[in-house]
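Here is the file data_30.cif (mmCIF, C-alpha atoms and all ligand atoms).
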```cif
data_model
loop_
_atom_site.label_atom_id
_atom_site.label_comp_id
_atom_site.auth_asym_id
_atom_site.auth_seq_id
_atom_site.Cartn_x
_atom_site.Cartn_y
_atom_site.Cartn_z
CA MET A 1 66.99 82.19 47.27
CA ARG A 2 63.67 80.42 46.73
CA THR A 3 65.09 77.22 48.19
CA THR A 4 66.32 79.05 51.29
CA VAL A 5 62.89 80.61 51.97
CA ALA A 6 61.15 77.27 51.49
CA ALA A 7 63.62 75.63 53.86
CA LEU A 8 63.05 78.34 56.44
CA VAL A 9 59.25 78.03 56.23
CA GLY A 10 59.62 74.29 56.50
CA ALA A 11 61.78 74.62 59.60
CA VAL A 12 59.29 77.00 61.24
CA LEU A 13 56.35 74.69 60.49
CA LEU A 14 58.26 71.69 61.79
CA THR A 15 59.20 73.48 65.03
CA GLY A 16 55.61 74.67 65.50
CA GLY A 17 54.31 71.18 64.88
CA LEU A 18 56.70 69.64 67.40
CA ALA A 19 55.84 72.24 70.02
CA ALA A 20 52.11 71.60 69.56
CA CYS A 21 52.60 67.84 69.93
CA SER A 22 54.88 67.94 72.96
CA GLY A 23 52.05 69.14 75.23
CA GLU A 24 49.87 66.11 74.55
CA ALA A 25 50.18 62.67 76.06
CA PRO A 26 50.99 59.90 73.60
CA PRO A 27 47.78 58.09 72.53
CA SER A 28 48.89 54.81 74.15
CA ALA A 29 49.28 56.33 77.67
CA PRO A 30 46.34 55.61 80.04
CA LYS A 31 44.27 58.72 80.72
CA ALA A 32 45.06 60.03 84.20
CA PRO A 33 41.87 60.63 86.19
CA GLU A 34 41.14 64.28 86.80
CA ILE A 35 41.08 64.91 90.56
CA LYS A 36 38.46 67.47 91.53
CA PRO A 37 39.02 69.36 94.79
CA VAL A 38 36.65 68.40 97.62
CA ALA A 39 38.10 70.17 100.68
CA GLU A 40 41.23 72.06 101.61
CA THR A 41 42.22 73.81 104.83
CA ALA A 42 44.86 74.56 107.44
CA VAL A 43 44.04 72.69 110.64
CA ASP A 44 43.17 74.36 113.91
CA ALA A 45 42.44 73.17 117.44
CA PRO A 46 38.82 72.16 118.11
CA ALA A 47 36.49 75.04 119.00
CA ALA A 48 35.34 75.15 122.64
CA SER A 49 31.75 75.64 121.47
CA GLY A 50 29.71 76.36 118.36
CA ASP A 51 30.81 75.46 114.83
CA GLN A 52 33.97 73.41 114.49
CA PRO A 53 36.75 74.34 112.04
CA LYS A 54 36.73 72.42 108.75
CA GLY A 55 40.13 70.95 109.65
CA ILE A 56 40.92 69.99 113.22
CA THR A 57 44.07 68.77 114.94
CA TYR A 58 43.60 66.70 118.09
CA ASP A 59 47.35 66.37 118.68
CA VAL A 60 49.34 69.55 118.03
CA LYS A 61 52.65 67.71 118.62
CA ARG A 62 52.13 65.29 115.75
CA ILE A 63 49.98 67.55 113.55
CA PRO A 64 50.79 71.21 114.32
CA VAL A 65 48.21 73.99 114.05
CA GLY A 66 48.50 75.41 110.52
CA ALA A 67 49.37 72.09 108.86
CA LYS A 68 47.56 71.83 105.53
CA LEU A 69 45.25 69.03 104.45
CA SER A 70 43.58 68.92 101.07
CA THR A 71 41.59 66.17 99.43
CA GLY A 72 40.04 65.58 96.06
CA ALA A 73 38.41 62.78 94.12
CA SER A 74 37.71 61.58 90.62
CA VAL A 75 34.97 59.25 89.53
CA SER A 76 34.90 57.55 86.16
CA ASP A 77 33.42 54.29 84.86
CA GLY A 78 32.40 53.16 88.34
CA ARG A 79 35.89 53.68 89.74
CA THR A 80 36.84 56.25 92.36
CA THR A 81 40.23 57.73 93.09
CA VAL A 82 40.74 59.77 96.26
CA GLU A 83 43.83 61.84 96.87
CA LEU A 84 45.03 63.43 100.12
CA LYS A 85 47.81 66.02 100.14
CA VAL A 86 49.41 67.11 103.41
CA SER A 87 52.09 69.61 104.38
CA GLY A 88 53.44 70.99 107.64
CA LEU A 89 53.42 67.59 109.37
CA LEU A 90 56.42 65.95 111.09
CA PRO A 91 59.24 65.05 108.65
CA ASP A 92 59.90 61.41 107.64
CA THR A 93 56.94 60.09 109.59
CA LYS A 94 54.43 57.34 108.86
CA TYR A 95 50.76 58.29 109.19
CA GLY A 96 47.60 56.36 108.46
CA SER A 97 44.56 57.88 106.81
CA HIS A 98 41.05 56.88 105.76
CA VAL A 99 37.72 58.27 104.62
CA HIS A 100 35.25 58.23 107.53
CA THR A 101 31.46 58.50 107.54
CA LYS A 102 30.71 61.61 109.61
CA PRO A 103 32.01 65.19 109.61
CA CYS A 104 34.74 66.21 112.06
CA GLY A 105 33.69 67.18 115.56
CA ALA A 106 35.22 68.44 118.78
CA LYS A 107 36.21 64.88 119.71
CA PRO A 108 38.27 62.50 117.55
CA ALA A 109 35.54 59.83 117.63
CA ASP A 110 32.91 62.21 116.18
CA SER A 111 33.79 61.37 112.57
CA GLY A 112 32.45 57.84 113.05
CA PRO A 113 33.72 54.61 111.49
CA HIS A 114 35.38 54.11 108.14
CA TYR A 115 33.28 54.43 105.04
CA GLN A 116 32.74 50.89 103.68
CA HIS A 117 31.41 49.93 100.26
CA GLU A 118 30.07 46.67 101.67
CA LYS A 119 29.12 47.33 105.28
CA ASP A 120 30.39 44.99 107.98
CA PRO A 121 27.41 43.81 110.08
CA VAL A 122 29.78 43.76 113.09
CA THR A 123 31.09 46.92 114.76
CA PRO A 124 33.81 47.91 115.25
CA SER A 125 34.83 46.47 111.90
CA VAL A 126 38.19 44.72 112.32
CA ASP A 127 37.54 41.79 109.99
CA PRO A 128 39.86 41.99 106.97
CA LYS A 129 36.96 40.76 104.82
CA TYR A 130 35.41 44.24 105.26
CA ALA A 131 38.24 46.33 106.68
CA ASN A 132 40.51 46.32 103.67
CA ALA A 133 41.86 48.76 101.10
CA GLN A 134 39.40 47.62 98.39
CA ASN A 135 36.27 48.04 100.57
CA GLU A 136 37.39 51.24 102.34
CA ILE A 137 39.45 54.24 101.29
CA TRP A 138 42.95 53.98 102.79
CA LEU A 139 45.22 56.98 102.18
CA ASP A 140 48.28 56.07 104.32
CA PHE A 141 51.40 58.10 103.62
CA THR A 142 54.95 58.76 104.81
CA THR A 143 56.05 62.39 104.92
CA ASP A 144 59.20 63.62 103.21
CA ALA A 145 61.97 65.66 104.89
CA GLN A 146 59.74 68.75 104.66
CA GLY A 147 56.72 67.07 106.28
CA ALA A 148 54.74 66.82 103.05
CA ALA A 149 53.16 63.80 101.38
CA THR A 150 50.40 62.56 99.11
CA GLY A 151 48.23 59.51 99.76
CA THR A 152 46.10 58.00 97.00
CA ALA A 153 43.56 55.21 96.75
CA THR A 154 41.61 53.81 93.81
CA VAL A 155 38.63 51.49 94.25
CA GLY A 156 36.12 49.84 91.92
CA TRP A 157 33.00 51.61 93.23
CA GLU A 158 31.48 55.04 93.87
CA PHE A 159 30.52 56.65 97.19
CA ARG A 160 26.87 56.55 98.28
CA LYS A 161 25.89 60.21 98.37
CA GLY A 162 26.04 61.84 101.80
CA GLU A 163 27.72 58.88 103.55
CA ALA A 164 31.40 59.85 103.27
CA ASN A 165 32.11 63.09 105.13
CA ALA A 166 35.66 63.24 106.46
CA VAL A 167 39.30 62.26 106.04
CA ILE A 168 41.07 61.28 109.26
CA VAL A 169 44.83 61.23 109.73
CA HIS A 170 45.98 58.56 112.20
CA ALA A 171 49.19 57.97 114.15
CA ALA A 172 50.35 54.83 112.29
CA HIS A 173 50.04 52.96 109.02
CA THR A 174 46.88 50.86 108.78
CA SER A 175 46.93 47.30 110.10
CA THR A 176 45.68 44.41 107.95
CA GLU A 177 45.78 41.72 110.67
CA HIS A 178 42.60 39.91 111.67
CA GLY A 179 41.15 41.57 114.75
CA LYS A 180 43.08 44.77 114.07
CA ALA A 181 42.35 45.29 110.38
CA GLY A 182 41.67 48.91 109.52
CA THR A 183 43.07 50.28 112.77
CA ALA A 184 45.86 52.84 112.58
CA GLY A 185 46.31 54.23 116.08
CA ASP A 186 45.07 57.53 117.46
CA ARG A 187 43.03 59.95 115.38
CA LEU A 188 45.38 62.94 115.10
CA ALA A 189 43.53 65.22 112.70
CA CYS A 190 40.34 65.46 110.70
CA LEU A 191 39.27 67.23 107.52
CA THR A 192 35.55 67.55 106.87
CA ALA A 193 35.09 66.59 103.21
CA GLN A 194 31.78 65.70 101.59
CA PHE A 195 32.52 63.21 98.84
CU CU A 201 40.47 55.94 110.08
#
```

As structure tokens, the full file:
Amino acid sequence: MRTTVAALVGAVLLTGGLAACSGEAPPSAPKAPEIKPVAETAVDAPAASGDQPKGITYDVKRIPVGAKLSTGASVSDGRTTVELKVSGLLPDTKYGSHVHTKPCGAKPADSGPHYQHEKDPVTPSVDPKYANAQNEIWLDFTTDAQGAATGTATVGWEFRKGEANAVIVHAAHTSTEHGKAGTAGDRLACLTAQF
């Protein structure tokens, strides 16, 4: 009898111990950066006047009204990870995306150029020395069959406060060619996001 009780208690303790451990990552696994939300919204057409929506679509065929854009970032040890999640876009479609300097406006160009860690003295910046995925935040993605996707970028620096204010979704994946580097076709949608 005593043996049976001891065995039972042992089994319960063992099960409890295993359950407690299973929720934790093994010590050898690299710590995933915690992404903190920065901005999230369903996009709308630009306002005719007054304040603009936080998320704007400039092309309702390629980014329908109501499509969702959300972005977040994590900063640790001088490294920054930015994540963009989208849903309600066209299925199985390639889009480009970057962090831009200014908030979204009524016109696609209002969000300004790409945020650059080391600023290109020449504008527009199409020199791959500056317009590249280590010096800018590129969040290109390809949607799944439901029109959803996630784009992520990690760089070895932190944003200068107040200088990164939007995520733009473009019509194509970003070019890396000299003279075209950083370009990704039309600006289809914009999410105002203060990083
Ligand atoms: Cu862009």

* Name the residues, by chain letter and number, that sit within 7 Å of ligand CU 201 (chain A) using all atoms listed in the file, and give them as JSON, numbers by chain. => {"A": [97, 98, 99, 100, 114, 168, 169, 170, 183, 184]}

* What is the distance between atom CA of A:Ala153 and atom CA of A:Gln194, in Å to one decimal? ->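 Atom-to-atom, atom CA of A:Ala153 to atom CA of A:Gln194, that is 16.5 Å.
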
* Asked: Pick from A:Ala106, A:Ala148, A:Ile137, A:Ala73: nearest to A:Ser87, with all atoms listed in the file counted?
  -> A:Ala148

* Tell me, in Å to one decimal, how far atom CA of A:Gln116 is from atom CA of A:Phe141. =>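 Going from atom CA of A:Gln116 over to atom CA of A:Phe141 covers 20.0 Å.
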
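With distances restricted to all atoms listed in the file, A:Lys107 is the closest residue to A:Ala48 from A:Ala193, A:Lys107, A:Leu90, A:Thr143.
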
* Top pick for closest residue to A:Tyr130, considering A:Gly112, A:Gly179, A:Gly147, A:Gly185 and counting all atoms listed in the file -> A:Gly179

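Computed from the coordinates, the atom CA of A:Pro64 to atom CA of A:Leu188 distance equals 9.9 Å.
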
* Could you give me, as a PyMOL selection string, the residues that sit within 10 Å of (47.0, 68.1, 95.1) in the file's coordinates, counting all atoms listed in the file? => chain A and resi 35-37+40+69-72+83-86+149-151

* **Nearest to A:Ala42, chosen from A:Pro103, A:Gly156, A:Gly66, A:Pro108, with only C-alpha atoms counted in the distances** =>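 Going through A:Pro103, A:Gly156, A:Gly66, A:Pro108 one by one, the smallest distance to A:Ala42 is for A:Gly66.
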
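The shortest atom-to-atom distance to A:Lys102, with only C-alpha atoms taken into account, belongs to A:Gly162 out of A:Pro46, A:Gly162, A:Gly88, A:Pro128.
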
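Comparing A:Ser175, A:Asp110, A:Leu89, A:Lys129 by their smallest distance to A:Ile63, the closest is A:Leu89 (using only C-alpha atoms).
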
Take every atom of stretch 39-46 of chain A listed in the file, fit an axis-aligned box around them, add 8 Å per side, and give the centre and edge lengths in Å to one decimal as JSON.
```
{"center_x": 41.5, "center_y": 72.4, "center_z": 109.4, "size_x": 22.8, "size_y": 20.4, "size_z": 33.4}
```
